[in-house]
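protein-v3.csv follows; it contains CSV, C-alpha atoms.
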```csv
chain,number,residue,atom,x,y,z
A,1,MET,CA,93.4,-8.0,15.8
A,2,SER,CA,90.2,-7.3,13.9
A,3,GLU,CA,88.1,-4.2,14.8
A,4,ASN,CA,84.5,-3.2,14.7
A,5,LEU,CA,83.6,0.4,13.9
A,6,GLN,CA,80.7,2.3,15.4
A,7,GLU,CA,79.7,5.5,13.6
A,8,ILE,CA,76.9,8.0,14.2
A,9,GLU,CA,75.9,11.5,13.3
A,10,ALA,CA,74.7,14.0,15.9
A,11,LYS,CA,73.3,17.5,15.9
A,12,GLY,CA,73.4,20.4,18.4
A,13,ARG,CA,73.2,24.2,18.6
A,14,ASP,CA,77.0,24.3,18.2
A,15,VAL,CA,79.8,21.8,17.4
A,16,GLU,CA,80.7,21.1,21.1
A,17,THR,CA,77.0,20.4,22.0
A,18,ALA,CA,76.7,18.1,19.0
A,19,ILE,CA,79.8,16.2,20.1
A,20,GLU,CA,78.5,15.9,23.7
A,21,ILE,CA,75.1,14.5,22.4
A,22,GLY,CA,77.0,12.0,20.2
A,23,LEU,CA,79.2,10.9,23.0
A,24,ALA,CA,76.2,10.3,25.2
A,25,GLU,CA,74.5,8.2,22.5
A,26,LEU,CA,77.7,6.1,22.1
A,27,ASN,CA,78.3,6.0,25.9
A,28,ALA,CA,81.9,7.0,25.1
A,29,GLU,CA,84.6,9.4,26.2
A,30,ARG,CA,86.1,12.1,23.9
A,31,THR,CA,89.3,10.0,23.6
A,32,ASP,CA,87.3,7.0,22.4
A,33,VAL,CA,86.1,8.6,19.2
A,34,ILE,CA,87.3,10.3,16.0
A,35,VAL,CA,85.3,13.5,15.3
A,36,GLU,CA,84.5,14.7,11.9
A,37,ILE,CA,82.7,18.1,11.6
A,38,ILE,CA,80.1,18.0,8.8
A,39,ASP,CA,78.5,21.3,9.4
A,40,GLU,CA,79.6,24.0,11.9
A,41,GLY,CA,76.0,25.4,11.9
A,42,SER,CA,75.0,29.0,12.1
A,43,ARG,CA,73.3,31.2,14.8
A,44,GLY,CA,71.6,33.3,12.1
A,45,LEU,CA,70.3,36.8,12.8
A,46,LEU,CA,68.5,37.1,16.1
A,47,GLY,CA,67.9,33.4,15.9
A,48,ILE,CA,66.2,33.5,12.5
A,49,GLY,CA,67.8,31.4,9.8
A,50,SER,CA,69.9,29.5,12.4
A,51,ARG,CA,71.2,26.1,11.6
A,52,GLU,CA,72.3,23.3,13.9
A,53,ALA,CA,75.9,21.9,13.8
A,54,VAL,CA,76.3,18.3,12.5
A,55,VAL,CA,79.2,16.0,13.5
A,56,ARG,CA,80.1,12.4,12.7
A,57,LEU,CA,81.6,10.3,15.6
A,58,LYS,CA,83.6,7.2,14.9
A,59,ARG,CA,84.3,4.8,17.7
A,60,VAL,CA,86.7,1.9,17.3
A,61,LEU,CA,85.9,-1.1,19.5
A,62,PRO,CA,88.4,-4.0,20.1
A,63,ALA,CA,87.4,-7.4,18.7
A,64,ARG,CA,85.8,-9.9,21.1
A,65,SER,CA,88.2,-11.6,23.4
A,66,PRO,CA,88.7,-15.4,22.9
A,67,ALA,CA,87.5,-15.8,26.5
A,68,ALA,CA,84.1,-14.8,25.3
A,69,THR,CA,83.8,-18.2,23.5
A,70,GLN,CA,84.7,-20.3,26.5
A,71,PRO,CA,81.9,-22.4,28.0
A,72,SER,CA,79.7,-20.7,30.5
A,73,PRO,CA,80.5,-21.3,34.2
A,74,LYS,CA,78.7,-23.9,36.2
A,75,PRO,CA,75.3,-22.7,37.5
A,76,GLU,CA,76.4,-22.2,41.1
A,77,ILE,CA,79.5,-20.2,40.0
A,78,LYS,CA,77.4,-18.1,37.6
A,79,ARG,CA,75.0,-17.4,40.4
A,80,GLU,CA,77.7,-16.2,42.7
A,81,VAL,CA,79.1,-13.9,40.0
A,82,GLU,CA,75.6,-12.4,39.4
A,83,VAL,CA,75.2,-11.8,43.1
A,84,ALA,CA,78.6,-10.2,43.4
A,85,GLU,CA,77.9,-7.9,40.4
A,86,THR,CA,74.6,-6.9,41.8
A,87,ALA,CA,76.2,-6.0,45.1
A,88,VAL,CA,78.7,-3.6,43.6
A,89,THR,CA,76.4,-2.0,40.9
A,90,PRO,CA,75.9,1.6,41.9
A,91,PRO,CA,72.4,3.0,42.0
A,92,PRO,CA,71.2,5.0,39.1
A,93,PRO,CA,71.7,8.8,39.3
A,94,PRO,CA,68.7,10.8,40.5
A,95,ALA,CA,66.5,12.2,37.7
A,96,THR,CA,67.1,15.9,36.9
A,97,PRO,CA,64.0,17.8,38.1
A,98,ALA,CA,62.0,19.8,35.5
A,99,PRO,CA,62.5,23.5,35.8
A,100,SER,CA,59.8,25.3,37.8
A,101,PRO,CA,57.2,27.6,36.1
A,102,ALA,CA,58.9,30.5,37.8
A,103,ALA,CA,62.3,29.6,36.3
A,104,VAL,CA,60.7,29.2,32.8
A,105,GLU,CA,59.0,32.6,33.1
A,106,ALA,CA,62.3,34.2,34.3
A,107,THR,CA,64.1,32.8,31.3
A,108,GLN,CA,61.4,33.9,28.9
A,109,LYS,CA,61.6,37.5,30.3
A,110,GLU,CA,65.4,37.5,30.0
A,111,VAL,CA,65.6,36.3,26.5
A,112,ALA,CA,62.7,38.5,25.2
A,113,THR,CA,64.3,41.6,26.8
A,114,GLU,CA,67.7,40.8,25.3
A,115,ILE,CA,66.3,40.2,21.8
A,116,VAL,CA,64.2,43.4,21.9
A,117,GLN,CA,67.3,45.4,23.1
A,118,THR,CA,69.4,43.9,20.3
A,119,LEU,CA,66.8,44.8,17.7
A,120,LEU,CA,66.5,48.4,18.9
A,121,ALA,CA,70.3,48.8,18.8
A,122,LYS,CA,70.4,47.6,15.2
A,123,MET,CA,67.6,50.1,14.4
A,124,GLN,CA,69.6,52.8,16.2
A,125,ILE,CA,66.7,53.6,18.5
A,126,SER,CA,67.6,54.8,22.0
A,127,ALA,CA,65.1,53.4,24.5
A,128,THR,CA,64.9,51.5,27.8
A,129,VAL,CA,63.4,47.9,27.9
A,130,THR,CA,61.9,46.5,31.1
A,131,ALA,CA,59.9,43.3,31.8
A,132,THR,CA,56.8,43.4,34.1
A,133,LEU,CA,53.8,41.3,34.8
A,134,SER,CA,50.3,42.4,33.7
A,135,GLU,CA,47.3,42.9,35.9
A,136,PRO,CA,45.2,39.7,36.3
A,137,ASP,CA,42.8,39.1,33.4
A,138,ASP,CA,39.2,40.2,34.2
A,139,LEU,CA,37.8,36.8,33.1
A,140,THR,CA,40.5,34.2,33.8
A,141,GLY,CA,42.6,35.9,36.4
A,142,GLU,CA,45.8,35.0,34.4
A,143,GLN,CA,48.8,37.3,34.1
A,144,ILE,CA,51.2,37.7,31.2
A,145,ASP,CA,54.7,39.1,30.8
A,146,VAL,CA,54.8,42.6,29.4
A,147,ILE,CA,58.0,43.8,27.7
A,148,GLU,CA,57.8,47.6,28.0
A,149,ILE,CA,59.7,50.0,25.7
A,150,ASN,CA,60.1,53.6,26.8
A,151,GLY,CA,61.9,56.6,25.3
A,152,ASP,CA,61.4,59.6,23.1
A,153,ASP,CA,59.9,59.7,19.6
A,154,LEU,CA,59.0,56.0,19.4
A,155,GLY,CA,56.0,56.4,17.2
A,156,VAL,CA,57.8,54.5,14.5
A,157,LEU,CA,57.5,51.4,16.6
A,158,ILE,CA,53.7,51.8,17.0
A,159,GLY,CA,52.5,52.7,13.5
A,160,PRO,CA,49.0,53.4,12.4
A,161,ARG,CA,46.5,51.9,14.8
A,162,GLY,CA,49.3,49.9,16.4
A,163,ASP,CA,49.9,47.8,13.2
A,164,THR,CA,53.7,48.1,13.5
A,165,LEU,CA,53.7,47.3,17.2
A,166,ASN,CA,51.5,44.2,16.5
A,167,THR,CA,53.9,43.0,13.8
A,168,LEU,CA,56.9,43.6,16.1
A,169,GLN,CA,55.3,41.6,18.8
A,170,TYR,CA,54.5,38.7,16.5
A,171,LEU,CA,58.1,38.6,15.2
A,172,MET,CA,59.6,38.8,18.7
A,173,ARG,CA,57.4,35.9,19.8
A,174,LEU,CA,58.6,33.8,16.9
A,175,ILE,CA,62.3,34.6,17.6
A,176,VAL,CA,62.0,33.9,21.4
A,177,SER,CA,60.1,30.7,20.7
A,178,HIS,CA,62.8,29.6,18.3
A,179,ARG,CA,65.6,30.4,20.8
A,180,LEU,CA,63.9,28.6,23.7
A,181,ARG,CA,62.4,25.8,21.5
A,182,GLU,CA,59.0,26.1,23.1
A,183,ARG,CA,56.0,28.3,22.5
A,184,VAL,CA,56.0,31.6,24.5
A,185,ASN,CA,53.4,34.2,25.1
A,186,PHE,CA,54.2,37.8,26.1
A,187,VAL,CA,53.1,41.3,25.2
A,188,ILE,CA,55.2,44.2,23.8
A,189,ASP,CA,54.1,47.7,24.7
A,190,VAL,CA,55.6,51.1,23.7
A,191,GLN,CA,55.2,54.1,25.9
A,192,GLY,CA,51.9,52.7,27.4
A,193,TYR,CA,50.2,52.6,24.0
A,194,ARG,CA,48.3,49.4,24.6
A,195,GLN,CA,46.7,50.7,27.9
A,196,ARG,CA,45.6,53.9,26.2
A,197,ARG,CA,44.3,51.9,23.2
A,198,GLN,CA,42.3,49.6,25.6
A,199,GLN,CA,40.7,52.6,27.3
A,200,ALA,CA,39.8,54.1,23.9
A,201,LEU,CA,38.2,50.8,22.8
A,202,ALA,CA,36.2,50.5,26.0
A,203,SER,CA,34.9,54.1,25.5
A,204,LEU,CA,34.1,53.2,21.8
A,205,ALA,CA,32.2,50.1,22.9
A,206,ASN,CA,30.0,52.1,25.2
A,207,ARG,CA,29.3,54.8,22.7
A,208,MET,CA,28.4,52.4,20.0
A,209,ALA,CA,26.2,50.4,22.4
A,210,LYS,CA,24.2,53.5,23.2
A,211,LYS,CA,23.8,54.3,19.5
A,212,ALA,CA,22.7,50.7,18.7
A,213,ILE,CA,20.0,51.0,21.4
A,214,GLN,CA,18.8,54.4,20.1
A,215,ARG,CA,18.6,53.1,16.5
A,216,GLY,CA,17.2,49.7,17.5
A,217,GLN,CA,19.5,47.9,15.1
A,218,PRO,CA,22.9,46.3,15.1
A,219,ILE,CA,26.1,48.4,14.6
A,220,GLY,CA,29.2,46.9,13.1
A,221,LEU,CA,32.6,48.3,14.1
A,222,GLU,CA,35.7,48.5,12.0
A,223,PRO,CA,37.8,45.3,11.5
A,224,MET,CA,40.1,44.7,14.5
A,225,PRO,CA,42.8,42.2,15.5
A,226,PRO,CA,41.7,39.5,18.0
A,227,HIS,CA,43.0,41.2,21.2
A,228,GLU,CA,41.1,44.4,20.4
A,229,ARG,CA,37.9,42.6,19.6
A,230,ARG,CA,38.2,40.9,22.9
A,231,VAL,CA,38.2,44.3,24.7
A,232,ILE,CA,34.9,45.2,23.0
A,233,HIS,CA,33.4,41.8,24.0
A,234,MET,CA,34.7,42.1,27.6
A,235,THR,CA,33.4,45.7,28.0
A,236,LEU,CA,29.9,44.8,27.0
A,237,ARG,CA,29.6,41.2,28.2
A,238,GLU,CA,27.3,42.2,31.1
A,239,HIS,CA,25.4,45.0,29.4
A,240,ASP,CA,21.7,44.8,30.0
A,241,GLU,CA,20.5,46.0,26.6
A,242,VAL,CA,23.0,44.8,24.0
A,243,TYR,CA,25.2,41.7,23.2
A,244,THR,CA,28.2,41.3,20.9
A,245,GLU,CA,29.3,38.8,18.3
A,246,SER,CA,32.2,38.6,15.8
A,247,SER,CA,31.7,38.2,12.1
A,248,GLY,CA,33.8,38.1,8.9
A,249,GLU,CA,37.0,36.2,8.1
A,250,GLY,CA,40.7,36.9,8.6
A,251,ASN,CA,41.8,40.5,8.7
A,252,ARG,CA,38.2,41.6,7.9
A,253,ARG,CA,36.8,40.1,11.1
A,254,LYS,CA,34.9,42.7,13.2
A,255,VAL,CA,32.5,43.0,16.2
A,256,ARG,CA,28.8,43.7,15.8
A,257,ILE,CA,26.9,45.3,18.7
A,258,ILE,CA,23.3,44.0,18.7
A,259,PRO,CA,20.3,45.3,20.8
A,260,LYS,CA,18.7,42.6,22.9
```
Take the structure in the file and write it out as structure tokens.
Amino acid sequence: MSENLQEIEAKGRDVETAIEIGLAELNAERTDVIVEIIDEGSRGLLGIGSREAVVRLKRVLPARSPAATQPSPKPEIKREVEVAETAVTPPPPPATPAPSPAAVEATQKEVATEIVQTLLAKMQISATVTATLSEPDDLTGEQIDVIEINGDDLGVLIGPRGDTLNTLQYLMRLIVSHRLRERVNFVIDVQGYRQRRQQALASLANRMAKKAIQRGQPIGLEPMPPHERRVIHMTLREHDEVYTESSGEGNRRKVRIIPK
């Protein structure tokens, strides 16, 4: 008996997942196919450098039955067959509901906390890692997940002016986004550094505004990352005698405080 061969390649986070994806595409059972593993994939380090598994599935289908070449039944018989088939066809399964925003947020917190803990362990740094929710934003009212790291002698995670902390946060967002396959947004803080820094920036904004008013000319602050420039803008946004604007490009972008 002649045979027709169906063959596809499928990818997944691991071999078993790739096989399941391929079986779904073929609408086949595991016993219906021959599996060839092309690439077992790799989880990489903390999700970086990971590689999906690749498999090839071969399904053998029996040749068409001679009955398939017989003349079609008379119209009335064909109609009865169609009605009977319709009567016994089961309804489609209900659609799987999309995860709720709360479930997505909980997953993000869990994965982010796990990855930060793994990194600290590899760095041989003893610290506790907890996930909380920030206070509502003054302008938008939005809240954001905060991954807090607490312990002794954690200055190495902060660095000069918070540069190391900002880099750590950037890398952790990349890794978590890669793991969840969607863009994520959270803040990493070490021993309350960001809150202290925000208070210091607000105090700086008010002092420089007073100086700009006394001199009657604009004052430019040192270059800052976007979230720190935002603190300056937010602190002085309702000031009666000065307004703010950003100038410069890239890492040299800074805030200017200008008398009205």
For segment 176-187 of chain A, find every residue with an atom within 8 Å (counting only C-alpha atoms), except residues of its own chain fewer than 4 positions away, and show them as an MDAnalysis selection string. chainID A and resid 47:48 108 111:112 115 144:147 169 172
Mind checking which residues fall within 12 Å of Ile188 of chain A, counting all atoms listed in the file, ignoring those fewer than 3 positions away in the same chain, and posting them as a ChimeraX atom specification? /A:109,112-113,115-116,129-134,144-150,157-158,162,164-173,185,191-195
Identify which of the residues A:Lys122, A:Arg197, A:Arg13, A:Arg229 lies closest to Gly41 of chain A, counting only C-alpha atoms when measuring atom-to-atom distances.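 Closest to Gly41 of chain A, using only C-alpha atoms: A:Arg13.
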Quick one: everything within 10 Å of segment 22-32 of chain A, counting only C-alpha atoms, minus sequence neighbours fewer than 5 positions away in the same chain. Send it as number ranges by chain. A: 6-12, 16-17, 54-61
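Of note, atom CA of Gln124 of chain A and atom CA of Gly155 of chain A are spaced 14.1 Å apart.
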Separation of atom CA of Ile257 of chain A from atom CA of Asp163 of chain A, in Å and rounded to one decimal: 23.8 Å
May I ask which of the residues A:Ile258, A:Pro223, A:Met234, A:Glu228 is the closest one to Thr140 of chain A, counting all atoms listed in the file? A:Met234
Write out as a PDB file with C-alpha atoms, in the frame of the given file the residues lying within 7 Å of segment 204-207 of chain A, counting all atoms listed in the file and excluding same-chain residues fewer than 3 positions away.
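What landed in around.pdb:
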```
ATOM      1  CA  ALA A 200      39.800  54.100  23.900  1.00  0.00           C
ATOM      2  CA  LEU A 201      38.200  50.800  22.800  1.00  0.00           C
ATOM      3  CA  LYS A 210      24.200  53.500  23.200  1.00  0.00           C
ATOM      4  CA  LYS A 211      23.800  54.300  19.500  1.00  0.00           C
ATOM      5  CA  ILE A 232      34.900  45.200  23.000  1.00  0.00           C
ATOM      6  CA  THR A 235      33.400  45.700  28.000  1.00  0.00           C
TER       7      THR A 235
END
```
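For the choices A:Val242, A:Ile34, A:Ile175, A:Val190, the atom-to-atom distance to Met208 of chain A is smallest for A:Val242 when using all atoms listed in the file.
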Between atom CA of Asp189 of chain A and atom CA of His233 of chain A, what is the spacing in Å?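 Going from atom CA of His233 of chain A over to atom CA of Asp189 of chain A covers 21.5 Å.
Using all atoms listed in the file for every distance, the candidate list A:Ile19, A:Met224, A:Val104, A:Val255 yields A:Ile19 as the residue closest to Val35 of chain A.
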Go through A:Leu154, A:Ala103, A:Leu236, A:Ala53 one by one, measure the shortest atom-to-atom distance of each to Ala127 of chain A using only C-alpha atoms, and give the residue with the smallest value.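 So, comparing all the options, the nearest one is A:Leu154.
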